[in-house]
>>> print(open('input27.pdb').read())   # PDB, C-alpha atoms and all ligand atoms
ATOM      1  CA  MET A  52      -4.197 -39.365 -25.469
ATOM      2  CA  LEU A  53      -0.494 -39.615 -24.609
ATOM      3  CA  ASP A  54      -0.969 -37.093 -21.800
ATOM      4  CA  LYS A  55      -3.872 -39.123 -20.414
ATOM      5  CA  ILE A  56      -1.799 -42.316 -20.410
ATOM      6  CA  LYS A  57       1.112 -40.528 -18.690
ATOM      7  CA  ASP A  58      -1.299 -39.087 -16.165
ATOM      8  CA  PHE A  59      -2.812 -42.535 -15.521
ATOM      9  CA  LEU A  60       0.647 -44.058 -15.007
ATOM     10  CA  GLY A  61       1.655 -41.204 -12.677
ATOM     11  CA  VAL A  62       4.601 -40.144 -14.846
ATOM     12  CA  ASP A  63       3.120 -36.907 -16.170
ATOM     13  CA  ILE A  64       5.387 -34.124 -14.909
ATOM     14  CA  LYS A  65       3.256 -31.459 -16.667
ATOM     15  CA  GLU A  66       6.240 -30.398 -18.698
ATOM     16  CA  ASN A  67       4.206 -28.225 -21.046
ATOM     17  CA  LYS A  68       2.837 -26.282 -18.136
ATOM     18  CA  TYR A  69       6.004 -25.855 -16.111
ATOM     19  CA  LYS A  70       8.838 -25.764 -18.623
ATOM     20  CA  LYS A  71      10.750 -22.516 -19.047
ATOM     21  CA  ALA A  72      11.213 -20.426 -22.159
ATOM     22  CA  ASP A  73      13.783 -17.773 -23.038
ATOM     23  CA  ASP A  74      12.403 -14.257 -23.020
ATOM     24  CA  THR A  75      14.473 -11.441 -24.522
ATOM     25  CA  THR A  76      13.535  -9.044 -21.693
ATOM     26  CA  PHE A  77      13.494 -11.238 -18.572
ATOM     27  CA  GLY A  78      15.466 -14.363 -19.481
ATOM     28  CA  LYS A  79      13.906 -17.621 -18.267
ATOM     29  CA  ILE A  80      10.173 -17.340 -17.734
ATOM     30  CA  SER A  81       7.206 -19.704 -17.679
ATOM     31  CA  ASN A  82       6.743 -21.127 -21.186
ATOM     32  CA  PHE A  83       2.954 -21.216 -21.360
ATOM     33  CA  LYS A  84       2.698 -17.579 -20.258
ATOM     34  CA  THR A  85       5.360 -16.202 -22.614
ATOM     35  CA  PRO A  86       3.844 -12.915 -23.779
ATOM     36  CA  ASP A  87       3.801 -11.334 -27.232
ATOM     37  CA  GLU A  88       4.915  -8.029 -25.714
ATOM     38  CA  TRP A  89       5.688  -6.362 -22.372
ATOM     39  CA  VAL A  90       3.916  -3.130 -21.438
ATOM     40  CA  ARG A  91       5.646  -0.926 -18.858
ATOM     41  CA  SER A  92       3.357   0.365 -16.114
ATOM     42  CA  THR A  93       3.010   1.248 -12.427
ATOM     43  CA  CYS A  94       1.241  -0.735  -9.722
ATOM     44  CA  GLY A  95      -1.660   1.322  -8.423
ATOM     45  CA  TYR A  96      -2.591  -0.808  -5.421
ATOM     46  CA  CYS A  97      -0.673   1.196  -2.837
ATOM     47  CA  GLY A  98       1.316   4.402  -2.441
ATOM     48  CA  VAL A  99       4.689   2.762  -3.115
ATOM     49  CA  GLY A 100       3.919   2.765  -6.844
ATOM     50  CA  CYS A 101       6.228  -0.100  -7.828
ATOM     51  CA  GLY A 102       7.326  -0.241 -11.443
ATOM     52  CA  LEU A 103       6.153  -3.278 -13.374
ATOM     53  CA  TYR A 104       5.842  -4.847 -16.785
ATOM     54  CA  ILE A 105       2.612  -6.511 -17.858
ATOM     55  CA  GLY A 106       3.091  -9.370 -20.322
ATOM     56  CA  VAL A 107       0.364  -9.343 -22.986
ATOM     57  CA  LYS A 108      -0.497 -12.439 -25.011
ATOM     58  CA  ASN A 109      -3.266 -12.484 -27.635
ATOM     59  CA  GLY A 110      -4.427  -9.119 -26.328
ATOM     60  CA  LYS A 111      -4.774 -10.335 -22.725
ATOM     61  CA  PRO A 112      -2.530  -9.719 -19.704
ATOM     62  CA  VAL A 113      -0.905 -13.016 -18.690
ATOM     63  CA  TYR A 114       2.159 -12.125 -16.644
ATOM     64  CA  THR A 115       3.460  -9.446 -14.283
ATOM     65  CA  LYS A 116       7.136  -8.812 -13.621
ATOM     66  CA  GLY A 117       8.874  -6.141 -11.554
ATOM     67  CA  ASP A 118      10.705  -3.388 -13.441
ATOM     68  CA  PRO A 119      14.424  -3.807 -12.607
ATOM     69  CA  ALA A 120      15.087  -0.156 -13.531
ATOM     70  CA  HIS A 121      12.520   1.240 -11.098
ATOM     71  CA  PRO A 122      14.319   3.316  -8.415
ATOM     72  CA  VAL A 123      12.089   2.220  -5.517
ATOM     73  CA  SER A 124      11.076  -1.387  -6.129
ATOM     74  CA  LYS A 125      14.163  -2.393  -8.156
ATOM     75  CA  GLY A 126      12.511  -5.301  -9.925
ATOM     76  CA  THR A 127      10.565  -6.684  -6.968
ATOM     77  CA  LEU A 128       6.837  -6.713  -6.318
ATOM     78  CA  CYS A 129       4.705  -7.844  -3.412
ATOM     79  CA  PRO A 130       2.136 -10.648  -3.992
ATOM     80  CA  LYS A 131      -0.551  -8.103  -4.877
ATOM     81  CA  GLY A 132       1.573  -6.601  -7.638
ATOM     82  CA  LEU A 133       2.763  -9.988  -8.899
ATOM     83  CA  THR A 134      -0.815 -11.116  -9.509
ATOM     84  CA  GLU A 135      -2.004  -7.815 -10.982
ATOM     85  CA  HIS A 136      -2.740  -9.351 -14.412
ATOM     86  CA  GLU A 137      -5.093 -11.927 -12.852
ATOM     87  CA  MET A 138      -7.489  -9.242 -11.691
ATOM     88  CA  VAL A 139      -8.221  -8.092 -15.260
ATOM     89  CA  THR A 140      -9.624 -11.442 -16.384
ATOM     90  CA  SER A 141     -10.812 -12.702 -12.996
ATOM     91  CA  ASP A 142     -14.026 -14.769 -13.150
ATOM     92  CA  ASN A 143     -15.664 -12.854 -10.325
ATOM     93  CA  ARG A 144     -14.843  -9.402 -11.660
ATOM     94  CA  VAL A 145     -17.894  -7.184 -12.156
ATOM     95  CA  THR A 146     -17.795  -6.058 -15.789
ATOM     96  CA  THR A 147     -21.272  -4.579 -16.155
ATOM     97  CA  PRO A 148     -23.525  -2.434 -13.959
ATOM     98  CA  MET A 149     -25.676  -4.526 -11.603
ATOM     99  CA  ILE A 150     -29.087  -3.740 -10.133
ATOM    100  CA  ARG A 151     -30.710  -5.817  -7.420
ATOM    101  CA  LYS A 152     -34.091  -6.996  -8.701
ATOM    102  CA  ASN A 153     -36.337  -9.153  -6.514
ATOM    103  CA  GLY A 154     -33.411  -9.726  -4.159
ATOM    104  CA  THR A 155     -30.967 -10.831  -6.867
ATOM    105  CA  LEU A 156     -28.205  -8.791  -8.488
ATOM    106  CA  GLN A 157     -28.688  -8.689 -12.242
ATOM    107  CA  ALA A 158     -26.477  -7.328 -15.012
ATOM    108  CA  VAL A 159     -28.048  -4.361 -16.817
ATOM    109  CA  GLU A 160     -27.142  -1.931 -19.600
ATOM    110  CA  TRP A 161     -25.437   1.348 -18.626
ATOM    111  CA  GLU A 162     -28.470   3.353 -19.777
ATOM    112  CA  GLU A 163     -30.709   1.519 -17.306
ATOM    113  CA  ALA A 164     -28.133   1.865 -14.517
ATOM    114  CA  PHE A 165     -27.812   5.640 -15.043
ATOM    115  CA  ARG A 166     -31.595   6.083 -15.160
ATOM    116  CA  HIS A 167     -32.109   3.956 -12.024
ATOM    117  CA  THR A 168     -29.418   5.797 -10.024
ATOM    118  CA  SER A 169     -30.619   9.199 -11.171
ATOM    119  CA  ASP A 170     -34.249   8.386 -10.264
ATOM    120  CA  LYS A 171     -33.193   7.228  -6.779
ATOM    121  CA  PHE A 172     -31.152  10.375  -6.113
ATOM    122  CA  LYS A 173     -34.002  12.584  -7.324
ATOM    123  CA  ALA A 174     -36.565  10.742  -5.187
ATOM    124  CA  ILE A 175     -34.423  11.117  -2.035
ATOM    125  CA  GLN A 176     -33.825  14.826  -2.672
ATOM    126  CA  ALA A 177     -37.492  15.457  -3.527
ATOM    127  CA  GLN A 178     -38.552  13.926  -0.213
ATOM    128  CA  TYR A 179     -35.759  15.082   2.124
ATOM    129  CA  GLY A 180     -34.129  18.072   0.393
ATOM    130  CA  LYS A 181     -30.903  18.617  -1.551
ATOM    131  CA  GLN A 182     -28.694  18.238   1.523
ATOM    132  CA  ALA A 183     -29.979  14.713   2.209
ATOM    133  CA  ILE A 184     -27.185  13.234   0.082
ATOM    134  CA  ALA A 185     -23.478  13.248   0.928
ATOM    135  CA  CYS A 186     -20.508  11.937  -0.998
ATOM    136  CA  ILE A 187     -17.221  10.561   0.336
ATOM    137  CA  SER A 188     -14.678   9.812  -2.357
ATOM    138  CA  THR A 189     -11.827   7.342  -2.493
ATOM    139  CA  GLY A 190      -8.151   8.236  -2.208
ATOM    140  CA  GLN A 191      -7.445   6.198  -5.354
ATOM    141  CA  PHE A 192      -8.870   8.883  -7.647
ATOM    142  CA  LEU A 193      -6.685  10.837 -10.029
ATOM    143  CA  THR A 194      -6.947  14.628 -10.337
ATOM    144  CA  GLU A 195      -9.369  14.473 -13.271
ATOM    145  CA  ASP A 196     -11.633  12.043 -11.373
ATOM    146  CA  PHE A 197     -11.729  14.403  -8.371
ATOM    147  CA  TYR A 198     -12.561  17.350 -10.607
ATOM    148  CA  THR A 199     -15.411  15.519 -12.338
ATOM    149  CA  LEU A 200     -16.878  14.156  -9.112
ATOM    150  CA  GLY A 201     -16.656  17.585  -7.448
ATOM    151  CA  LYS A 202     -18.588  19.150 -10.328
ATOM    152  CA  PHE A 203     -21.166  16.348 -10.264
ATOM    153  CA  VAL A 204     -21.783  16.742  -6.521
ATOM    154  CA  GLN A 205     -21.892  20.550  -6.468
ATOM    155  CA  LEU A 206     -23.584  21.304  -9.791
ATOM    156  CA  GLY A 207     -25.442  18.039 -10.405
ATOM    157  CA  LEU A 208     -26.615  17.043  -6.932
ATOM    158  CA  GLU A 209     -26.499  20.675  -5.758
ATOM    159  CA  THR A 210     -24.984  19.898  -2.383
ATOM    160  CA  ASN A 211     -21.675  20.754  -0.771
ATOM    161  CA  ASN A 212     -21.755  17.608   1.379
ATOM    162  CA  TYR A 213     -18.571  16.312  -0.133
ATOM    163  CA  ASP A 214     -15.407  15.034   1.470
ATOM    164  CA  GLY A 215     -12.798  12.496   0.573
ATOM    165  CA  ASN A 216     -10.347  10.039   1.966
ATOM    166  CA  THR A 217      -7.669  12.565   1.042
ATOM    167  CA  THR A 218      -8.922  14.889   3.770
ATOM    168  CA  LEU A 219      -9.793  12.215   6.299
ATOM    169  CA  CYS A 220      -6.532  10.303   5.987
ATOM    170  CA  MET A 221      -3.721  12.248   4.344
ATOM    171  CA  ALA A 222      -4.549  15.708   5.686
ATOM    172  CA  SER A 223      -4.264  14.495   9.286
ATOM    173  CA  ALA A 224      -0.938  12.815   8.495
ATOM    174  CA  VAL A 225       0.328  16.028   6.872
ATOM    175  CA  MET A 226      -0.612  18.066   9.960
ATOM    176  CA  GLY A 227       1.125  15.511  12.188
ATOM    177  CA  TYR A 228       4.263  15.642  10.035
ATOM    178  CA  LYS A 229       4.287  19.445   9.960
ATOM    179  CA  GLN A 230       3.784  19.833  13.693
ATOM    180  CA  SER A 231       6.304  17.217  14.759
ATOM    181  CA  LEU A 232       8.876  17.283  11.939
ATOM    182  CA  GLY A 233       8.388  20.671  10.279
ATOM    183  CA  SER A 234       7.746  19.238   6.826
ATOM    184  CA  ASP A 235       4.606  17.896   5.174
ATOM    185  CA  GLY A 236       6.111  14.518   4.334
ATOM    186  CA  PRO A 237       8.197  11.810   5.972
ATOM    187  CA  PRO A 238      11.729  13.197   6.408
ATOM    188  CA  ALA A 239      13.354   9.920   5.369
ATOM    189  CA  SER A 240      13.665   7.892   2.204
ATOM    190  CA  TYR A 241      13.603   4.203   1.326
ATOM    191  CA  GLU A 242      17.365   4.292   0.863
ATOM    192  CA  ASP A 243      17.839   5.203   4.535
ATOM    193  CA  PHE A 244      16.673   1.672   5.359
ATOM    194  CA  SER A 245      19.556   0.297   3.306
ATOM    195  CA  HIS A 246      22.137   2.321   5.263
ATOM    196  CA  ALA A 247      20.798   2.593   8.833
ATOM    197  CA  ASP A 248      22.637   1.061  11.813
ATOM    198  CA  VAL A 249      19.396   0.669  13.749
ATOM    199  CA  ILE A 250      15.857   0.325  12.373
ATOM    200  CA  LEU A 251      13.093   0.989  14.895
ATOM    201  CA  LEU A 252       9.624  -0.114  13.790
ATOM    202  CA  ILE A 253       6.685   0.870  15.988
ATOM    203  CA  GLY A 254       3.336  -0.673  15.092
ATOM    204  CA  ALA A 255       4.539  -1.256  11.544
ATOM    205  CA  ASN A 256       4.350  -4.742  10.089
ATOM    206  CA  ILE A 257       6.488  -4.143   7.009
ATOM    207  CA  ALA A 258       6.902  -7.847   6.205
ATOM    208  CA  ASP A 259       3.171  -8.063   5.420
ATOM    209  CA  ASN A 260       2.164  -4.497   4.696
ATOM    210  CA  HIS A 261       5.214  -2.877   3.173
ATOM    211  CA  PRO A 262       7.398  -5.537   1.559
ATOM    212  CA  ILE A 263       9.384  -2.954  -0.399
ATOM    213  CA  LEU A 264      10.681  -1.450   2.864
ATOM    214  CA  LYS A 265      11.591  -4.961   3.956
ATOM    215  CA  LEU A 266      13.524  -5.320   0.711
ATOM    216  CA  HIS A 267      15.525  -2.155   1.421
ATOM    217  CA  SER A 268      16.198  -3.337   4.997
ATOM    218  CA  ALA A 269      17.352  -6.727   3.707
ATOM    219  CA  LYS A 270      19.850  -5.037   1.345
ATOM    220  CA  ASN A 271      21.444  -3.187   4.259
ATOM    221  CA  LYS A 272      24.009  -5.852   5.148
ATOM    222  CA  LYS A 273      25.237  -6.115   1.551
ATOM    223  CA  ILE A 274      25.782  -2.347   1.408
ATOM    224  CA  THR A 275      27.116  -1.601   4.895
ATOM    225  CA  GLY A 276      28.860  -4.907   5.597
ATOM    226  CA  LYS A 277      26.954  -5.509   8.826
ATOM    227  CA  LYS A 278      23.388  -6.370   9.661
ATOM    228  CA  PRO A 279      21.409  -3.466  11.151
ATOM    229  CA  THR A 280      19.883  -3.893  14.591
ATOM    230  CA  ILE A 281      16.142  -4.223  14.039
ATOM    231  CA  ILE A 282      13.848  -3.308  16.926
ATOM    232  CA  VAL A 283      10.150  -4.105  16.534
ATOM    233  CA  ILE A 284       7.643  -2.616  18.968
ATOM    234  CA  ASP A 285       4.207  -4.132  18.522
ATOM    235  CA  PRO A 286       1.576  -5.694  20.810
ATOM    236  CA  ARG A 287       1.287  -8.494  18.252
ATOM    237  CA  HIS A 288       4.022 -10.948  17.287
ATOM    238  CA  SER A 289       3.818 -10.091  13.598
ATOM    239  CA  LYS A 290       5.841 -11.510  10.716
ATOM    240  CA  THR A 291       8.077  -8.453  11.069
ATOM    241  CA  ALA A 292       8.728  -9.427  14.703
ATOM    242  CA  ASN A 293      10.415 -12.572  13.350
ATOM    243  CA  MET A 294      13.074 -10.319  11.773
ATOM    244  CA  ALA A 295      13.714  -8.432  15.004
ATOM    245  CA  ASP A 296      16.881  -8.506  17.093
ATOM    246  CA  ILE A 297      14.822  -6.945  19.865
ATOM    247  CA  PHE A 298      11.067  -7.483  19.991
ATOM    248  CA  VAL A 299       9.110  -5.338  22.461
ATOM    249  CA  PRO A 300       5.570  -6.735  22.890
ATOM    250  CA  LEU A 301       4.137  -3.727  24.680
ATOM    251  CA  ALA A 302       0.551  -3.493  25.940
ATOM    252  CA  PRO A 303      -1.888  -1.816  23.537
ATOM    253  CA  ARG A 304      -1.954   2.009  23.909
ATOM    254  CA  SER A 305       1.266   2.125  25.916
ATOM    255  CA  ASP A 306       3.516   3.234  23.046
ATOM    256  CA  LEU A 307       3.583   6.882  24.150
ATOM    257  CA  ALA A 308       4.630   5.877  27.671
ATOM    258  CA  LEU A 309       7.417   3.763  26.181
ATOM    259  CA  ILE A 310       8.701   6.604  23.969
ATOM    260  CA  ASN A 311       8.570   9.113  26.813
ATOM    261  CA  GLY A 312      10.387   6.583  29.015
ATOM    262  CA  LEU A 313      13.124   6.289  26.372
ATOM    263  CA  CYS A 314      13.371  10.100  26.297
ATOM    264  CA  TYR A 315      13.757  10.089  30.096
ATOM    265  CA  ILE A 316      16.651   7.644  29.929
ATOM    266  CA  ILE A 317      18.360   9.662  27.161
ATOM    267  CA  MET A 318      18.033  12.880  29.183
ATOM    268  CA  GLU A 319      18.981  11.281  32.481
ATOM    269  CA  GLN A 320      22.113   9.795  30.926
ATOM    270  CA  GLY A 321      22.967  13.014  29.064
ATOM    271  CA  TRP A 322      22.910  11.225  25.693
ATOM    272  CA  GLU A 323      20.926  13.904  23.833
ATOM    273  CA  ASP A 324      22.487  15.704  20.857
ATOM    274  CA  GLU A 325      22.256  19.280  22.118
ATOM    275  CA  ARG A 326      23.446  20.876  18.902
ATOM    276  CA  PHE A 327      20.864  19.002  16.823
ATOM    277  CA  ILE A 328      18.125  19.951  19.303
ATOM    278  CA  ALA A 329      19.153  23.635  19.316
ATOM    279  CA  GLU A 330      19.274  23.847  15.525
ATOM    280  CA  ARG A 331      16.166  21.900  14.630
ATOM    281  CA  THR A 332      13.597  21.900  17.419
ATOM    282  CA  SER A 333      11.470  24.303  19.427
ATOM    283  CA  GLY A 334       9.927  24.015  22.895
ATOM    284  CA  TYR A 335      12.612  21.602  24.085
ATOM    285  CA  LYS A 336      12.856  23.079  27.598
ATOM    286  CA  THR A 337       9.131  22.567  28.196
ATOM    287  CA  PHE A 338       9.320  19.048  26.805
ATOM    288  CA  ARG A 339      12.322  18.183  28.988
ATOM    289  CA  LYS A 340      10.599  19.513  32.099
ATOM    290  CA  HIS A 341       7.502  17.445  31.315
ATOM    291  CA  ILE A 342       9.523  14.263  30.798
ATOM    292  CA  MET A 343      11.749  14.663  33.881
ATOM    293  CA  GLN A 344       8.764  15.391  36.125
ATOM    294  CA  ASN A 345       6.527  12.588  34.897
ATOM    295  CA  TYR A 346       8.722   9.625  33.921
ATOM    296  CA  PRO A 347       9.659   6.905  34.436
TER     297      PRO A 347
HETATM  298  S1  LIG B   1       4.131  -2.738  -2.600
HETATM  299 FE1  LIG B   1       2.797  -4.215  -3.694
HETATM  300  S2  LIG B   1       0.797  -3.201  -3.800
HETATM  301 FE2  LIG B   1       2.294  -1.612  -3.300
HETATM  302  S3  LIG B   1       2.847  -0.731  -5.288
HETATM  303 FE3  LIG B   1       4.352  -2.358  -4.825
HETATM  304  S4  LIG B   1       3.553  -4.205  -5.801
HETATM  305 FE4  LIG B   1       1.875  -2.718  -5.705
END
>>> encode(input="input27.pdb", output="structure tokens", more="lines below")
Ligand code: SF4
Amino acid sequence: MLDKIKDFLGVDIKENKYKKADDTTFGKISNFKTPDEWVRSTCGYCGVGCGLYIGVKNGKPVYTKGDPAHPVSKGTLCPKGLTEHEMVTSDNRVTTPMIRKNGTLQAVEWEEAFRHTSDKFKAIQAQYGKQAIACISTGQFLTEDFYTLGKFVQLGLETNNYDGNTTLCMASAVMGYKQSLGSDGPPASYEDFSHADVILLIGANIADNHPILKLHSAKNKKITGKKPTIIVIDPRHSKTANMADIFVPLAPRSDLALINGLCYIIMEQGWEDERFIAERTSGYKTFRKHIMQNYP
């Protein structure tokens, strides 16, 4: 009743909802979400794998905090990670199998879902042959998931029409890395962003898509004593472009011409590091000839 009167008079500051409480692990946190315990985990939404703690209250996740001891994310999380606990109890989360009946999706028991799916697969293969079904898997699977799905497709469905995001996405990146950099992974680390004099971002919107890299870039000045020069090359004026000292809004598909043009200027001015090139690259003479004949 008192709350209703305060609300009516416009003096309700929702103290119960917004007041802070002391937590032994994280200090001041929201009072109404103070958990019974913190469970240490890893965010699985993207490849950064930030460390986090999930606060559990009455058996339900109510809070997510970054793990300050995590070597990559150092206690920070992007908005996706910060709201990770909400997904578990979200109203629109699908928690049972669904089958569309008479145009409407309806919740069903697992037994019915398995039977329905199995009957459909069998009917397709009976009519069109075993090879009529193909499977493309997600890159979010763990090793055991891949193993089980592989067995199901080859031994259960009796087809070898199976590929995954791992091949379509990562394998091409690995080949690109190996051919251009000689190693199957990026030759840099997050920490390089904290120490670099110049950060060149081409087509990468780290402010939106990779906030942990932005965090490491933002720490740079504290560590080195001077702000790094940030160059953003992107057809779009992204959020990352707002951080740039130099923003290059190039036309779509002209990035290669820009990079080759930069190479031309470096070679023309004699700025290349000949020792580095001799020790770590191959085919430089051919590349140089191509650049000097075709650019700018
Ligand atoms: S950057 Fe965001 S989505 Fe990716 S692991 Fe970290 S918190 Fe999760």
>>> atom_distance(input="input27.pdb", atom1="CA of Pro347 in chain A", atom2="CA of Glu319 in chain A")
10.5 Å
>>> closest_residue(input="input27.pdb", among="A:Ala239, A:Ile274, A:Ile253, A:Val123", to="Leu307 in chain A", atoms="only C-alpha atoms")
A:Ile253
>>> closest_residue(input="input27.pdb", among="A:Ile310, A:Leu53, A:Cys129, A:Ile80", to="ligand LIG 1 (chain B)", atoms="all atoms listed in the file")
A:Cys129
>>> closest_residue(input="input27.pdb", among="A:Pro262, A:Pro119, A:Gly190, A:Gly233", to="ligand LIG 1 (chain B)", atoms="all atoms listed in the file")
A:Pro262
>>> residues_near_ligand(input="input27.pdb", ligand="ligand LIG 1 (chain B)", cutoff="8 Å", atoms="all atoms listed in the file", output="tab-separated table (two decimals) with C-alpha atoms, keeping the file's coordinate frame")
chain	number	residue	atom	x	y	z
A	93	THR	CA	3.01	1.25	-12.43
A	94	CYS	CA	1.24	-0.74	-9.72
A	95	GLY	CA	-1.66	1.32	-8.42
A	96	TYR	CA	-2.59	-0.81	-5.42
A	97	CYS	CA	-0.67	1.20	-2.84
A	98	GLY	CA	1.32	4.40	-2.44
A	99	VAL	CA	4.69	2.76	-3.12
A	100	GLY	CA	3.92	2.76	-6.84
A	101	CYS	CA	6.23	-0.10	-7.83
A	102	GLY	CA	7.33	-0.24	-11.44
A	124	SER	CA	11.08	-1.39	-6.13
A	127	THR	CA	10.56	-6.68	-6.97
A	128	LEU	CA	6.84	-6.71	-6.32
A	129	CYS	CA	4.70	-7.84	-3.41
A	130	PRO	CA	2.14	-10.65	-3.99
A	131	LYS	CA	-0.55	-8.10	-4.88
A	132	GLY	CA	1.57	-6.60	-7.64
A	133	LEU	CA	2.76	-9.99	-8.90
A	260	ASN	CA	2.16	-4.50	4.70
A	261	HIS	CA	5.21	-2.88	3.17
A	262	PRO	CA	7.40	-5.54	1.56
A	263	ILE	CA	9.38	-2.95	-0.40
>>> residues_around(input="input27.pdb", residues="Met294 in chain A", least_positions_apart="5", cutoff="9 Å", atoms="only C-alpha atoms", output="PDB file with C-alpha atoms, keeping the file's coordinate frame")
ATOM      1  CA  ALA A 258       6.902  -7.847   6.205  1.00  0.00           C
ATOM      2  CA  ILE A 281      16.142  -4.223  14.039  1.00  0.00           C
ATOM      3  CA  ILE A 282      13.848  -3.308  16.926  1.00  0.00           C
ATOM      4  CA  VAL A 283      10.150  -4.105  16.534  1.00  0.00           C
TER       5      VAL A 283
END
>>> resolve_selection(input="input27.pdb", expression="the PyMOL selection byres (((chain A and resi 245) around 9) and not hetatm)", output="number ranges by chain")
A: 241-244, 246-247, 266-275, 279
>>> closest_residue(input="input27.pdb", among="A:Ile175, A:Met221, A:Leu193, A:Ala295", to="Ile257 in chain A", atoms="all atoms listed in the file")
A:Ala295
>>> atom_distance(input="input27.pdb", atom1="CA of Ala292 in chain A", atom2="CA of Asp306 in chain A")
16.0 Å
>>> atom_distance(input="input27.pdb", atom1="CA of Ile297 in chain A", atom2="CA of Ala224 in chain A")
27.7 Å
>>> resolve_selection(input="input27.pdb", expression="the PyMOL selection byres (((chain A and resi 75) around 12) and not hetatm)", output="count of residues only")
13
>>> resolve_selection(input="input27.pdb", expression="the PyMOL selection byres (((chain A and resi 137) around 12) and not hetatm)", output="NGL selection string")
:A and (105-107 or 111-115 or 130-136 or 138-144)
>>> closest_residue(input="input27.pdb", among="A:Pro122, A:Ser169, A:Asp214, A:Ile316", to="Ser240 in chain A", atoms="only C-alpha atoms")
A:Pro122
>>> build_atoms(input="input27.pdb", residues="range 317-322 of chain A", atoms="all heavy atoms", output="PDB file, in the coordinates of the input")
ATOM      1  N   ILE A 317      17.387   8.883  27.953  1.00  0.00           N
ATOM      2  CA  ILE A 317      18.360   9.662  27.161  1.00  0.00           C
ATOM      3  C   ILE A 317      18.754  10.931  27.912  1.00  0.00           C
ATOM      4  O   ILE A 317      19.941  11.275  28.033  1.00  0.00           O
ATOM      5  CB  ILE A 317      17.760  10.003  25.773  1.00  0.00           C
ATOM      6  CG1 ILE A 317      17.655   8.731  24.928  1.00  0.00           C
ATOM      7  CG2 ILE A 317      18.604  11.048  25.046  1.00  0.00           C
ATOM      8  CD1 ILE A 317      16.858   8.880  23.647  1.00  0.00           C
ATOM      9  N   MET A 318      17.747  11.622  28.470  1.00  0.00           N
ATOM     10  CA  MET A 318      18.033  12.880  29.183  1.00  0.00           C
ATOM     11  C   MET A 318      18.782  12.619  30.485  1.00  0.00           C
ATOM     12  O   MET A 318      19.733  13.322  30.833  1.00  0.00           O
ATOM     13  CB  MET A 318      16.718  13.610  29.481  1.00  0.00           C
ATOM     14  CG  MET A 318      16.058  14.154  28.234  1.00  0.00           C
ATOM     15  SD  MET A 318      14.381  14.696  28.586  1.00  0.00           S
ATOM     16  CE  MET A 318      13.832  15.120  26.944  1.00  0.00           C
ATOM     17  N   GLU A 319      18.343  11.597  31.201  1.00  0.00           N
ATOM     18  CA  GLU A 319      18.981  11.281  32.481  1.00  0.00           C
ATOM     19  C   GLU A 319      20.455  10.929  32.289  1.00  0.00           C
ATOM     20  O   GLU A 319      21.327  11.298  33.082  1.00  0.00           O
ATOM     21  CB  GLU A 319      18.239  10.102  33.135  1.00  0.00           C
ATOM     22  CG  GLU A 319      18.685   9.806  34.550  1.00  0.00           C
ATOM     23  CD  GLU A 319      18.224   8.429  34.987  1.00  0.00           C
ATOM     24  OE1 GLU A 319      18.214   7.509  34.136  1.00  0.00           O
ATOM     25  OE2 GLU A 319      17.867   8.270  36.155  1.00  0.00           O
ATOM     26  N   GLN A 320      20.736  10.218  31.190  1.00  0.00           N
ATOM     27  CA  GLN A 320      22.113   9.795  30.926  1.00  0.00           C
ATOM     28  C   GLN A 320      22.932  10.880  30.212  1.00  0.00           C
ATOM     29  O   GLN A 320      24.130  10.719  30.015  1.00  0.00           O
ATOM     30  CB  GLN A 320      22.107   8.528  30.047  1.00  0.00           C
ATOM     31  CG  GLN A 320      21.449   7.319  30.689  1.00  0.00           C
ATOM     32  CD  GLN A 320      22.226   6.803  31.895  1.00  0.00           C
ATOM     33  OE1 GLN A 320      23.460   6.800  31.911  1.00  0.00           O
ATOM     34  NE2 GLN A 320      21.504   6.387  32.931  1.00  0.00           N
ATOM     35  N   GLY A 321      22.256  11.950  29.787  1.00  0.00           N
ATOM     36  CA  GLY A 321      22.967  13.014  29.064  1.00  0.00           C
ATOM     37  C   GLY A 321      23.366  12.599  27.658  1.00  0.00           C
ATOM     38  O   GLY A 321      24.381  13.046  27.122  1.00  0.00           O
ATOM     39  N   TRP A 322      22.566  11.725  27.031  1.00  0.00           N
ATOM     40  CA  TRP A 322      22.910  11.225  25.693  1.00  0.00           C
ATOM     41  C   TRP A 322      22.334  12.098  24.571  1.00  0.00           C
ATOM     42  O   TRP A 322      22.541  11.811  23.400  1.00  0.00           O
ATOM     43  CB  TRP A 322      22.361   9.799  25.505  1.00  0.00           C
ATOM     44  CG  TRP A 322      23.061   8.770  26.343  1.00  0.00           C
ATOM     45  CD1 TRP A 322      24.311   8.865  26.880  1.00  0.00           C
ATOM     46  CD2 TRP A 322      22.542   7.497  26.733  1.00  0.00           C
ATOM     47  NE1 TRP A 322      24.618   7.728  27.583  1.00  0.00           N
ATOM     48  CE2 TRP A 322      23.540   6.860  27.508  1.00  0.00           C
ATOM     49  CE3 TRP A 322      21.351   6.825  26.521  1.00  0.00           C
ATOM     50  CZ2 TRP A 322      23.374   5.598  28.056  1.00  0.00           C
ATOM     51  CZ3 TRP A 322      21.186   5.566  27.060  1.00  0.00           C
ATOM     52  CH2 TRP A 322      22.189   4.963  27.823  1.00  0.00           C
TER      53      TRP A 322
END
